[in-house]
$ cat structure_1.cif   # mmCIF, C-alpha atoms
data_my_file
#
loop_
_atom_site.label_atom_id
_atom_site.label_comp_id
_atom_site.auth_asym_id
_atom_site.auth_seq_id
_atom_site.Cartn_x
_atom_site.Cartn_y
_atom_site.Cartn_z
CA MET A 1 -23.45 -9.24 6.55
CA VAL A 2 -22.95 -5.64 5.51
CA LYS A 3 -23.24 -4.87 1.79
CA ALA A 4 -21.51 -1.81 0.44
CA ARG A 5 -21.03 -0.09 -2.88
CA VAL A 6 -18.02 2.10 -3.61
CA VAL A 7 -18.02 4.39 -6.66
CA VAL A 8 -14.59 5.48 -7.88
CA THR A 9 -14.33 8.27 -10.45
CA LEU A 10 -11.56 10.34 -11.94
CA LYS A 11 -11.20 13.67 -10.20
CA ASP A 12 -12.56 16.75 -11.91
CA GLY A 13 -9.94 18.13 -14.23
CA VAL A 14 -8.25 14.78 -14.84
CA LEU A 15 -8.58 13.93 -18.52
CA ASP A 16 -10.77 10.88 -19.09
CA PRO A 17 -9.99 9.50 -22.58
CA GLN A 18 -12.56 6.71 -22.20
CA GLY A 19 -15.24 9.21 -21.26
CA GLN A 20 -14.34 11.42 -24.21
CA ALA A 21 -14.47 8.53 -26.69
CA THR A 22 -17.82 7.44 -25.28
CA GLN A 23 -19.14 10.99 -25.51
CA ARG A 24 -18.15 11.13 -29.19
CA ALA A 25 -19.91 7.80 -29.78
CA LEU A 26 -23.06 9.13 -28.11
CA HIS A 27 -22.90 12.26 -30.27
CA ALA A 28 -22.56 10.05 -33.34
CA LEU A 29 -25.73 8.23 -32.25
CA GLY A 30 -27.59 11.51 -32.14
CA TYR A 31 -27.38 12.31 -28.44
CA GLY A 32 -25.92 15.74 -29.02
CA GLU A 33 -27.05 16.95 -25.63
CA VAL A 34 -24.35 14.90 -23.87
CA ALA A 35 -22.01 17.60 -22.60
CA GLU A 36 -19.64 15.33 -20.73
CA VAL A 37 -19.06 11.67 -19.96
CA ARG A 38 -16.93 10.49 -17.07
CA ILE A 39 -16.24 6.81 -16.62
CA GLY A 40 -15.50 5.28 -13.26
CA LYS A 41 -15.92 1.98 -11.55
CA VAL A 42 -18.30 0.42 -9.10
CA ILE A 43 -16.95 -1.92 -6.46
CA GLU A 44 -19.44 -3.98 -4.50
CA LEU A 45 -18.29 -5.50 -1.24
CA ASN A 46 -19.88 -7.86 1.21
CA LEU A 47 -18.40 -7.52 4.66
CA ASP A 48 -18.50 -10.28 7.17
CA THR A 49 -19.82 -8.15 10.02
CA ASP A 50 -23.10 -6.73 11.30
CA ASP A 51 -21.56 -3.54 12.66
CA ARG A 52 -22.43 -0.88 10.07
CA GLN A 53 -20.55 1.89 11.79
CA TRP A 54 -17.36 -0.13 12.04
CA ALA A 55 -17.85 -1.30 8.45
CA ALA A 56 -18.14 2.30 7.25
CA ALA A 57 -14.86 3.22 8.92
CA ARG A 58 -13.14 0.15 7.51
CA LEU A 59 -14.49 0.89 4.03
CA LYS A 60 -13.09 4.39 4.12
CA GLU A 61 -9.71 2.96 5.05
CA MET A 62 -9.91 0.45 2.19
CA CYS A 63 -10.69 3.23 -0.27
CA ASP A 64 -7.83 5.40 0.96
CA ARG A 65 -5.31 2.59 0.90
CA LEU A 66 -6.21 0.56 -2.16
CA LEU A 67 -9.53 1.01 -3.91
CA ALA A 68 -8.90 4.56 -5.13
CA ASN A 69 -5.73 6.39 -6.09
CA PRO A 70 -6.00 9.82 -4.46
CA VAL A 71 -3.74 11.40 -7.10
CA ILE A 72 -6.30 11.02 -9.87
CA GLU A 73 -9.42 9.50 -8.35
CA SER A 74 -12.09 10.38 -5.86
CA TYR A 75 -14.54 7.94 -4.34
CA ARG A 76 -17.81 7.81 -2.51
CA ILE A 77 -19.17 5.01 -0.41
CA GLU A 78 -22.61 5.05 -1.86
CA ARG A 79 -24.54 2.54 0.11
CA VAL A 80 -24.02 0.48 3.20
CA GLU A 81 -26.75 -2.01 3.94
CA GLY A 82 -27.06 -4.79 6.33
CA MET B 1 27.49 -5.43 -8.12
CA ARG B 2 24.57 -7.76 -7.50
CA VAL B 3 21.28 -6.89 -9.13
CA ALA B 4 17.77 -8.04 -8.23
CA VAL B 5 15.00 -8.21 -10.82
CA ILE B 6 11.70 -8.42 -8.93
CA VAL B 7 9.10 -10.79 -10.33
CA PHE B 8 5.41 -10.37 -9.56
CA PRO B 9 2.66 -12.67 -10.79
CA GLY B 10 2.09 -11.25 -14.27
CA SER B 11 5.51 -9.68 -14.80
CA ASN B 12 6.60 -10.51 -18.33
CA CYS B 13 9.74 -8.50 -19.01
CA ASP B 14 11.77 -10.02 -16.19
CA VAL B 15 13.75 -12.36 -18.45
CA ASP B 16 14.58 -9.51 -20.83
CA MET B 17 15.75 -7.46 -17.86
CA VAL B 18 17.93 -10.27 -16.51
CA ARG B 19 19.44 -10.83 -19.95
CA ALA B 20 20.09 -7.13 -20.39
CA VAL B 21 22.01 -6.95 -17.12
CA ALA B 22 23.89 -10.16 -17.84
CA ASP B 23 24.74 -9.28 -21.42
CA CYS B 24 25.55 -5.61 -20.92
CA LEU B 25 27.42 -5.95 -17.63
CA GLY B 26 28.21 -9.57 -16.89
CA GLU B 27 27.31 -8.85 -13.29
CA PRO B 28 25.43 -11.29 -11.08
CA VAL B 29 21.69 -10.85 -11.43
CA ASP B 30 18.92 -12.75 -9.69
CA THR B 31 15.22 -12.89 -10.28
CA VAL B 32 13.56 -12.35 -6.92
CA TRP B 33 10.00 -13.45 -6.25
CA HIS B 34 7.47 -10.95 -4.91
CA THR B 35 7.33 -12.74 -1.56
CA ALA B 36 11.02 -12.11 -0.77
CA ALA B 37 11.57 -10.56 2.63
CA ASP B 38 15.19 -9.46 2.34
CA LEU B 39 16.93 -7.53 -0.43
CA SER B 40 19.95 -6.52 1.60
CA ALA B 41 22.27 -8.64 -0.59
CA TYR B 42 21.51 -6.47 -3.63
CA ASP B 43 23.14 -3.27 -4.81
CA ALA B 44 20.41 -2.34 -7.28
CA ILE B 45 16.74 -3.26 -7.64
CA LEU B 46 14.98 -3.46 -11.01
CA LEU B 47 11.19 -3.67 -11.38
CA PRO B 48 10.39 -5.05 -14.83
CA GLY B 49 7.43 -4.50 -17.11
CA GLY B 50 4.38 -6.67 -17.52
CA PHE B 51 0.90 -6.86 -16.11
CA SER B 52 1.35 -7.62 -12.43
CA TYR B 53 -1.87 -9.00 -10.97
CA GLY B 54 -3.47 -8.59 -14.37
CA ASP B 55 -3.46 -4.79 -13.97
CA TYR B 56 -6.62 -5.38 -11.93
CA LEU B 57 -8.07 -2.35 -10.17
CA ARG B 58 -5.25 -0.09 -11.46
CA ALA B 59 -1.88 -0.95 -12.98
CA GLY B 60 0.50 -1.56 -10.08
CA ALA B 61 -2.15 -1.05 -7.39
CA ILE B 62 -2.02 -4.57 -6.02
CA ALA B 63 1.68 -5.23 -6.63
CA ARG B 64 2.62 -2.33 -4.39
CA PHE B 65 1.36 -4.32 -1.40
CA ALA B 66 3.46 -7.40 -2.23
CA PRO B 67 5.78 -8.32 0.66
CA VAL B 68 8.89 -7.50 -1.35
CA MET B 69 7.79 -3.88 -1.71
CA ARG B 70 8.63 -3.16 1.91
CA GLU B 71 12.18 -4.12 1.02
CA VAL B 72 12.11 -2.06 -2.16
CA VAL B 73 11.07 0.97 -0.10
CA LYS B 74 13.84 0.21 2.36
CA ALA B 75 16.41 -0.03 -0.45
CA ALA B 76 15.18 3.25 -1.94
CA ASP B 77 15.38 4.94 1.46
CA ALA B 78 18.93 3.62 1.84
CA GLY B 79 19.87 5.32 -1.43
CA LYS B 80 20.25 2.18 -3.51
CA PRO B 81 19.44 2.57 -7.20
CA VAL B 82 15.88 1.44 -7.97
CA LEU B 83 14.60 1.34 -11.56
CA GLY B 84 10.99 0.70 -12.56
CA VAL B 85 10.27 0.13 -16.24
CA CYS B 86 6.72 0.33 -17.62
CA ASN B 87 4.65 -1.70 -15.13
CA GLY B 88 7.58 -1.25 -12.74
CA PHE B 89 7.13 2.53 -13.09
CA GLN B 90 3.40 2.15 -12.42
CA ILE B 91 4.18 0.17 -9.28
CA LEU B 92 6.64 2.82 -8.05
CA LEU B 93 3.91 5.46 -8.52
CA GLU B 94 1.32 3.42 -6.66
CA ALA B 95 3.84 2.76 -3.90
CA GLY B 96 4.42 6.49 -3.53
CA LEU B 97 8.15 6.20 -4.27
CA LEU B 98 7.54 8.54 -7.19
CA PRO B 99 4.87 11.25 -7.44
CA GLY B 100 1.92 11.18 -9.83
CA ALA B 101 -0.23 8.49 -11.43
CA MET B 102 -0.86 6.80 -14.76
CA ARG B 103 -3.96 7.18 -16.89
CA ARG B 104 -5.07 5.31 -19.97
CA ASN B 105 -3.25 6.47 -23.09
CA ALA B 106 -5.03 9.49 -24.56
CA SER B 107 -5.50 7.54 -27.80
CA LEU B 108 -6.99 4.61 -25.83
CA LYS B 109 -4.63 2.45 -27.90
CA PHE B 110 -1.94 0.12 -26.67
CA ARG B 111 1.17 1.68 -28.20
CA CYS B 112 3.97 -0.68 -29.17
CA GLU B 113 6.71 1.04 -31.15
CA THR B 114 10.15 2.54 -30.90
CA VAL B 115 10.10 6.19 -29.88
CA THR B 116 12.66 8.95 -29.57
CA LEU B 117 13.49 10.23 -26.10
CA ARG B 118 15.51 13.21 -24.96
CA VAL B 119 17.77 12.61 -21.99
CA GLU B 120 16.95 15.57 -19.76
CA ASN B 121 19.02 14.58 -16.74
CA ASN B 122 22.22 12.56 -17.04
CA ARG B 123 23.08 12.68 -13.36
CA THR B 124 20.98 9.79 -12.13
CA PRO B 125 22.57 6.37 -11.51
CA PHE B 126 20.85 5.14 -14.67
CA THR B 127 21.76 7.95 -17.06
CA LEU B 128 25.40 8.83 -16.31
CA ASP B 129 26.61 7.47 -19.65
CA TYR B 130 24.25 9.62 -21.71
CA ALA B 131 24.95 13.17 -22.83
CA PRO B 132 22.50 15.80 -21.62
CA GLY B 133 19.94 16.53 -24.33
CA GLU B 134 20.92 13.40 -26.26
CA HIS B 135 18.21 11.78 -28.39
CA ILE B 136 17.87 8.03 -27.99
CA ARG B 137 15.60 5.39 -29.55
CA ILE B 138 13.87 3.07 -27.09
CA PRO B 139 10.75 0.90 -27.54
CA ILE B 140 7.53 1.50 -25.65
CA ALA B 141 4.72 -1.03 -25.11
CA HIS B 142 1.89 0.17 -22.92
CA GLY B 143 -1.77 1.06 -22.71
CA GLU B 144 -1.46 3.11 -19.54
CA GLY B 145 1.55 5.38 -19.82
CA ASN B 146 -0.26 8.68 -19.76
CA TYR B 147 1.63 10.19 -16.84
CA TYR B 148 -0.31 12.67 -14.74
CA CYS B 149 0.62 14.90 -11.84
CA ASP B 150 -0.87 18.13 -10.59
CA GLU B 151 0.58 21.50 -11.55
CA ALA B 152 2.45 22.01 -8.26
CA THR B 153 4.13 18.61 -8.57
CA LEU B 154 5.06 19.32 -12.17
CA GLN B 155 6.64 22.65 -11.24
CA ARG B 156 8.63 20.88 -8.58
CA LEU B 157 9.76 18.09 -10.91
CA ARG B 158 10.96 20.69 -13.38
CA ALA B 159 12.65 22.89 -10.81
CA GLU B 160 14.51 19.93 -9.32
CA ASN B 161 15.47 18.52 -12.72
CA ARG B 162 13.62 15.32 -11.99
CA VAL B 163 12.15 14.85 -15.45
CA VAL B 164 14.78 12.40 -16.71
CA PHE B 165 13.34 11.48 -20.13
CA ARG B 166 10.86 13.26 -22.41
CA TYR B 167 9.27 12.07 -25.62
CA VAL B 168 10.54 13.90 -28.68
CA GLY B 169 8.02 14.61 -31.45
CA ALA B 170 4.58 13.06 -31.16
CA ASN B 171 3.74 12.17 -27.57
CA PRO B 172 2.64 8.51 -27.74
CA ASN B 173 0.35 8.57 -24.70
CA GLY B 174 -0.60 12.16 -23.84
CA SER B 175 1.57 12.41 -20.72
CA VAL B 176 1.88 15.71 -18.90
CA ASP B 177 4.80 17.77 -20.27
CA HIS B 178 5.78 14.85 -22.57
CA ILE B 179 7.19 13.01 -19.57
CA ALA B 180 8.59 9.54 -20.25
CA GLY B 181 10.56 9.10 -17.04
CA ILE B 182 11.03 10.79 -13.66
CA ALA B 183 13.26 10.43 -10.64
CA ASN B 184 12.66 10.86 -6.94
CA GLU B 185 14.01 13.79 -4.95
CA ARG B 186 17.24 12.04 -4.13
CA GLY B 187 17.71 10.81 -7.69
CA ASN B 188 18.21 7.12 -6.88
CA VAL B 189 14.72 5.98 -7.90
CA LEU B 190 13.87 6.22 -11.60
CA GLY B 191 10.61 5.28 -13.29
CA MET B 192 10.28 5.19 -17.06
CA MET B 193 7.67 3.88 -19.49
CA PRO B 194 10.10 3.00 -22.34
CA HIS B 195 11.95 -0.33 -22.17
CA PRO B 196 15.74 0.08 -22.17
CA GLU B 197 16.13 -3.69 -21.77
CA ARG B 198 14.59 -4.09 -25.22
CA ALA B 199 17.24 -1.87 -26.80
CA VAL B 200 20.51 -3.57 -25.91
CA HIS B 201 21.47 -5.34 -29.15
CA ALA B 202 21.65 -4.16 -32.75
CA LEU B 203 19.46 -7.14 -33.61
CA LEU B 204 16.71 -5.67 -31.45
CA GLY B 205 16.77 -2.49 -33.51
CA SER B 206 18.59 -0.24 -31.08
CA THR B 207 21.45 -0.35 -28.61
CA ASP B 208 20.49 2.95 -26.99
CA GLY B 209 19.19 1.25 -23.85
CA ARG B 210 22.54 -0.32 -22.96
CA ARG B 211 23.79 2.79 -21.26
CA VAL B 212 21.02 2.63 -18.65
CA PHE B 213 22.81 -0.51 -17.45
CA THR B 214 26.39 0.63 -18.01
CA SER B 215 25.52 3.82 -16.13
CA LEU B 216 24.32 1.75 -13.21
CA LEU B 217 27.58 -0.22 -13.06
CA ARG B 218 29.64 2.94 -13.36
CA TYR B 219 27.62 4.56 -10.58
CA TRP B 220 28.11 1.55 -8.34
CA LYS B 221 31.85 1.40 -9.05
CA GLU B 222 32.33 5.10 -8.42
CA ARG B 223 30.38 4.82 -5.20
CA THR B 224 31.90 1.67 -3.78
CA GLY B 225 35.21 1.27 -5.58
CA GLY B 226 33.81 -1.96 -7.04
CA GLU B 227 34.73 -3.87 -3.93
CA ARG B 228 31.65 -5.94 -3.30
CA HIS B 229 31.07 -9.28 -5.06
CA VAL B 230 34.27 -8.71 -6.98
CA ALA B 231 35.14 -12.42 -7.05
CA LYS B 232 31.83 -13.23 -8.72
CA THR B 233 31.84 -10.42 -11.20
CA ALA B 234 35.38 -11.30 -12.30
CA HIS B 235 33.92 -14.41 -13.90
CA GLY B 236 30.89 -12.63 -15.26
CA GLY B 237 28.75 -14.83 -13.05
CA ARG B 238 25.07 -14.95 -13.70
CA HIS B 239 22.56 -16.29 -11.30
CA ASP B 240 19.19 -15.76 -12.83
CA ALA B 241 16.37 -17.73 -11.25
CA GLY B 242 18.19 -17.83 -7.92
CA GLY B 243 15.82 -16.72 -5.23
CA ALA B 244 12.80 -17.43 -7.37
CA THR B 245 10.24 -20.08 -6.64
#
$ encode --input "structure_1.cif" --output "structure tokens"
Amino acid sequence: MVKARVVVTLKDGVLDPQGQATQRALHALGYGEVAEVRIGKVIELNLDTDDRQWAAARLKEMCDRLLANPVIESYRIERVEG
Amino acid sequence: MRVAVIVFPGSNCDVDMVRAVADCLGEPVDTVWHTAADLSAYDAILLPGGFSYGDYLRAGAIARFAPVMREVVKAADAGKPVLGVCNGFQILLEAGLLPGAMRRNASLKFRCETVTLRVENNRTPFTLDYAPGEHIRIPIAHGEGNYYCDEATLQRLRAENRVVFRYVGANPNGSVDHIAGIANERGNVLGMMPHPERAVHALLGSTDGRRVFTSLLRYWKERTGGERHVAKTAHGGRHDAGGAT
């Protein structure tokens, strides 16, 4: 079993209303040093294979086709274990 | 003219769309399930609003891989009119039939109200019966209608007159250039966040959406001479639920 974690975030320059609202909430709580908040998502996948190299290639394909929208999002495959 | 209204798991404006076509045009209209493998019998394809696949991952992201979408792409490539409303628009974006993507509304609020639109392009199959620059009142109901595209795409949309509707006055979602609806290069695919099918009777508060449908019929008649399915349309036949499971 290969375990992977994909992190999807909005591209730089794409307005993130959730991040902005969260930043304002943090400021209201006294964390004035927070200069920016960007919210993304974490997708954890367990792959039914032991071939890490193959899994990495397949994961990239999954990200390009479905898990991220290249118009507004970028992704990184953060961890592949197994 | 025979119209297909595509139904995905989680679509919820499909009945409104069927009723709008039936009531405005009296043309045959079928609901077609997302597993359908052949749309060749249809002259126009409508993707209704809702929350296909629960909006999981991204609105429209999973629906775009439904089997029927191969047929929708084929219909679009063949030049047939394809309209995506709200979630239907999001699906067309995810499918790459229209450029750009949707973000959460800038306000982070789900906006459900009637807004004023300006008809920027009345030469699409869905806008022929509007006057250029006309202001119309159509309801919106979405949490992710904040249209985004990069600067180069925006310049191209403008240059090719592909921004079909813009919000007038306060922009309800923060969309780039106040965009409410756009068309593809060829003009036969239109995506719009507002719901014309909810503005087809005075009792609904506006009849300004009717002409999206009357435009479609006019376009089809001008293009084909109204030959196809003429026996059925003469009786105002309606076949909703046919093709659905």
$ resolve_selection --input "structure_1.cif" --expression "the PyMOL selection byres ((chain B) within 12 of (chain A))" --output "ChimeraX atom specification"
/B:56-65,90,93-96,98-109,143-144,146-151,153,173-176
$ residues_around --input "structure_1.cif" --residues "stretch 44-59 of chain A" --least-positions-apart "4" --cutoff "10 Å" --atoms "all atoms listed in the file" --output "PyMOL selection string"
chain A and resi 1-7+63-65+67+77-82
$ atom_distance --input "structure_1.cif" --atom1 "atom CA of B:Leu157" --atom2 "atom CA of B:Leu128"
19.0 Å
$ residues_around --input "structure_1.cif" --residues "B:Phe213" --least-positions-apart "4" --cutoff "7 Å" --atoms "only C-alpha atoms" --output "list in words"
Val21, Cys24, Phe126 and Leu217 of chain B
$ atom_distance --input "structure_1.cif" --atom1 "atom CA of B:Leu39" --atom2 "atom CA of B:Ser215"
21.2 Å
$ atom_distance --input "structure_1.cif" --atom1 "atom CA of B:Thr114" --atom2 "atom CA of B:Gly49"
15.7 Å
$ closest_residue --input "structure_1.cif" --among "B:Met192, B:His178, B:Val164, B:Ile138" --to "B:Asp208" --atoms "all atoms listed in the file"
B:Ile138
$ closest_residue --input "structure_1.cif" --among "A:Glu36, A:Ala25, A:Thr9, A:Gly30" --to "A:Ser74" --atoms "only C-alpha atoms"
A:Thr9
$ resolve_selection --input "structure_1.cif" --expression "the PyMOL selection byres ((chain B and resi 136) around 7)" --output "VMD selection string"
chain B and resid 116 to 118 134 to 135 137 to 138 208
$ resolve_selection --input "structure_1.cif" --expression "the PyMOL selection byres ((chain B and resi 72-81) around 6)" --output "number ranges by chain"
B: 44, 69-71, 82, 188-189
$ residues_around --input "structure_1.cif" --residues "B:His142" --least-positions-apart "2" --cutoff "8 Å" --atoms "all atoms listed in the file" --output "list in words"
Cys86, Phe110, Arg111, Cys112, Ile140, Glu144, Gly145 and Met193 of chain B
$ closest_residue --input "structure_1.cif" --among "A:Val42, A:Val37, A:His27, A:Thr22" --to "A:Tyr75" --atoms "only C-alpha atoms"
A:Val42
$ residues_around --input "structure_1.cif" --residues "B:Val68" --least-positions-apart "5" --cutoff "6 Å" --atoms "all atoms listed in the file" --output "PyMOL selection string"
chain B and resi 34-37
$ residues_around --input "structure_1.cif" --residues "B:Glu227" --least-positions-apart "5" --cutoff "10 Å" --atoms "all atoms listed in the file" --output "JSON, numbers by chain"
{"B": [1, 220, 221]}
$ closest_residue --input "structure_1.cif" --among "B:Val119, B:Gly226, B:Val200, B:Asn87" --to "B:Ala22" --atoms "only C-alpha atoms"
B:Val200
